[in-house]
Amino acid sequence: MIESTGMTAAVCVIGAILACLLKQYCKEQALFCSIGVCVLVMLSICAYFSPIAAQINELFLKTELDVQYLEMLWKSIGICYLTGIAADLCRDSGESAMASVAELWGRITLLVLMLPMAKSLLELMIGVLQ
């Protein structure tokens, strides 16, 4: 685990240095370098994510809650990470307005995704209060 973390940190640092050097000559290539490093790190994250996801699914199934809630959880986590990465890449390329819009899109998407859960919660509260 420590070796993988060190390797990932090294890839990120080398990628950042390379992107800084490329930025002096061609901003587009620097952005592609940053995206490439992000893709490499995301692929390495996927290797660690499978056992974690399996354990969370197993724990969730023991709660006897509707599977729909677990699906919403996974979608929410994906939206948060994708939005954050997209916004950071936009900021790195100097497009802060695009970064803000990407974050706003992520927030609105999360609200829309959670509407059914909020409706169920409110219906449950109304049933308890009556």
# chains A, B, ... in the order shown; residues from 1 in each chain; ligands from 1
>>> residues_around(residues="range 75-92 of chain A", least_positions_apart="6", cutoff="12 Å", atoms="only C-alpha atoms", output="VMD selection string")
chain A and resid 16 19 to 20 23 27 to 28 30 to 39 41 to 42 53 68 to 69 98 to 114
>>> closest_residue(among="A:Met117, A:Leu40, A:Cys12, A:Met7", to="Glu71 in chain A", atoms="only C-alpha atoms")
A:Met117
>>> closest_residue(among="A:Val128, A:Ile56, A:Leu18, A:Leu61", to="Trp74 in chain A", atoms="only C-alpha atoms")
A:Ile56
>>> atom_distance(atom1="CA of Glu64 in chain A", atom2="CA of Phe49 in chain A")
23.2 Å
>>> atom_distance(atom1="CA of Ala9 in chain A", atom2="CA of Ser44 in chain A")
11.8 Å
>>> decode(residues="range 19-46 of chain A", atoms="N, CA, C and O atoms", output="compact mmCIF listing (two decimals), in the first residue's frame")
# COMPACT_ATOMS: atom_id res chain seq x y z
N ALA A 19 4.03 19.34 -16.68
CA ALA A 19 2.98 20.27 -17.11
C ALA A 19 3.44 21.72 -16.97
O ALA A 19 3.16 22.55 -17.85
N CYS A 20 4.17 22.03 -15.90
CA CYS A 20 4.70 23.40 -15.72
C CYS A 20 5.69 23.75 -16.82
O CYS A 20 5.68 24.87 -17.35
N LEU A 21 6.53 22.79 -17.17
CA LEU A 21 7.50 23.03 -18.24
C LEU A 21 6.79 23.20 -19.58
O LEU A 21 7.15 24.08 -20.37
N LEU A 22 5.81 22.36 -19.83
CA LEU A 22 5.07 22.44 -21.10
C LEU A 22 4.23 23.72 -21.19
O LEU A 22 4.03 24.24 -22.29
N LYS A 23 3.76 24.21 -20.06
CA LYS A 23 2.91 25.39 -20.05
C LYS A 23 3.64 26.61 -20.62
O LYS A 23 3.02 27.49 -21.21
N GLN A 24 4.97 26.63 -20.49
CA GLN A 24 5.75 27.74 -21.02
C GLN A 24 5.73 27.77 -22.54
O GLN A 24 5.84 28.82 -23.15
N TYR A 25 5.59 26.59 -23.15
CA TYR A 25 5.67 26.50 -24.60
C TYR A 25 4.32 26.29 -25.26
O TYR A 25 4.05 26.83 -26.32
N CYS A 26 3.48 25.46 -24.65
CA CYS A 26 2.19 25.15 -25.26
C CYS A 26 1.20 24.74 -24.16
O CYS A 26 1.31 23.65 -23.59
N LYS A 27 0.27 25.62 -23.88
CA LYS A 27 -0.69 25.37 -22.80
C LYS A 27 -1.55 24.13 -23.06
O LYS A 27 -1.93 23.43 -22.14
N GLU A 28 -1.86 23.88 -24.33
CA GLU A 28 -2.71 22.74 -24.66
C GLU A 28 -2.03 21.43 -24.29
O GLU A 28 -2.66 20.53 -23.74
N GLN A 29 -0.74 21.32 -24.58
CA GLN A 29 -0.02 20.10 -24.24
C GLN A 29 0.10 19.93 -22.73
O GLN A 29 0.06 18.82 -22.22
N ALA A 30 0.22 21.05 -22.01
CA ALA A 30 0.28 20.98 -20.55
C ALA A 30 -1.04 20.45 -19.99
O ALA A 30 -1.05 19.63 -19.06
N LEU A 31 -2.15 20.89 -20.57
CA LEU A 31 -3.45 20.41 -20.13
C LEU A 31 -3.60 18.92 -20.41
O LEU A 31 -4.08 18.16 -19.56
N PHE A 32 -3.15 18.47 -21.59
CA PHE A 32 -3.23 17.05 -21.91
C PHE A 32 -2.33 16.23 -20.99
O PHE A 32 -2.67 15.09 -20.62
N CYS A 33 -1.21 16.78 -20.59
CA CYS A 33 -0.34 16.10 -19.63
C CYS A 33 -1.07 15.94 -18.30
O CYS A 33 -1.05 14.85 -17.70
N SER A 34 -1.73 16.99 -17.84
CA SER A 34 -2.49 16.92 -16.58
C SER A 34 -3.61 15.90 -16.67
O SER A 34 -3.81 15.10 -15.74
N ILE A 35 -4.31 15.90 -17.78
CA ILE A 35 -5.40 14.94 -17.96
C ILE A 35 -4.85 13.52 -17.99
O ILE A 35 -5.43 12.61 -17.39
N GLY A 36 -3.73 13.32 -18.65
CA GLY A 36 -3.11 12.00 -18.71
C GLY A 36 -2.73 11.47 -17.34
O GLY A 36 -2.98 10.31 -17.02
N VAL A 37 -2.14 12.34 -16.52
CA VAL A 37 -1.78 11.93 -15.15
C VAL A 37 -3.04 11.59 -14.36
O VAL A 37 -3.08 10.59 -13.64
N CYS A 38 -4.09 12.41 -14.51
CA CYS A 38 -5.34 12.13 -13.81
C CYS A 38 -5.91 10.77 -14.22
O CYS A 38 -6.38 10.01 -13.37
N VAL A 39 -5.86 10.47 -15.50
CA VAL A 39 -6.38 9.18 -15.98
C VAL A 39 -5.56 8.03 -15.40
O VAL A 39 -6.12 7.02 -14.95
N LEU A 40 -4.24 8.17 -15.40
CA LEU A 40 -3.39 7.12 -14.82
C LEU A 40 -3.70 6.88 -13.35
O LEU A 40 -3.82 5.73 -12.90
N VAL A 41 -3.85 7.96 -12.61
CA VAL A 41 -4.14 7.81 -11.17
C VAL A 41 -5.53 7.22 -10.97
O VAL A 41 -5.72 6.37 -10.10
N MET A 42 -6.49 7.65 -11.77
CA MET A 42 -7.85 7.10 -11.65
C MET A 42 -7.86 5.60 -11.95
O MET A 42 -8.58 4.84 -11.30
N LEU A 43 -7.07 5.16 -12.91
CA LEU A 43 -6.99 3.73 -13.21
C LEU A 43 -6.39 2.96 -12.04
O LEU A 43 -6.83 1.86 -11.72
N SER A 44 -5.40 3.55 -11.38
CA SER A 44 -4.82 2.86 -10.22
C SER A 44 -5.80 2.86 -9.04
O SER A 44 -5.82 1.92 -8.25
N ILE A 45 -6.62 3.88 -8.94
CA ILE A 45 -7.65 3.93 -7.89
C ILE A 45 -8.66 2.80 -8.10
O ILE A 45 -9.12 2.19 -7.14
N CYS A 46 -9.00 2.53 -9.34
CA CYS A 46 -9.98 1.48 -9.64
C CYS A 46 -9.53 0.13 -9.08
O CYS A 46 -10.36 -0.68 -8.68
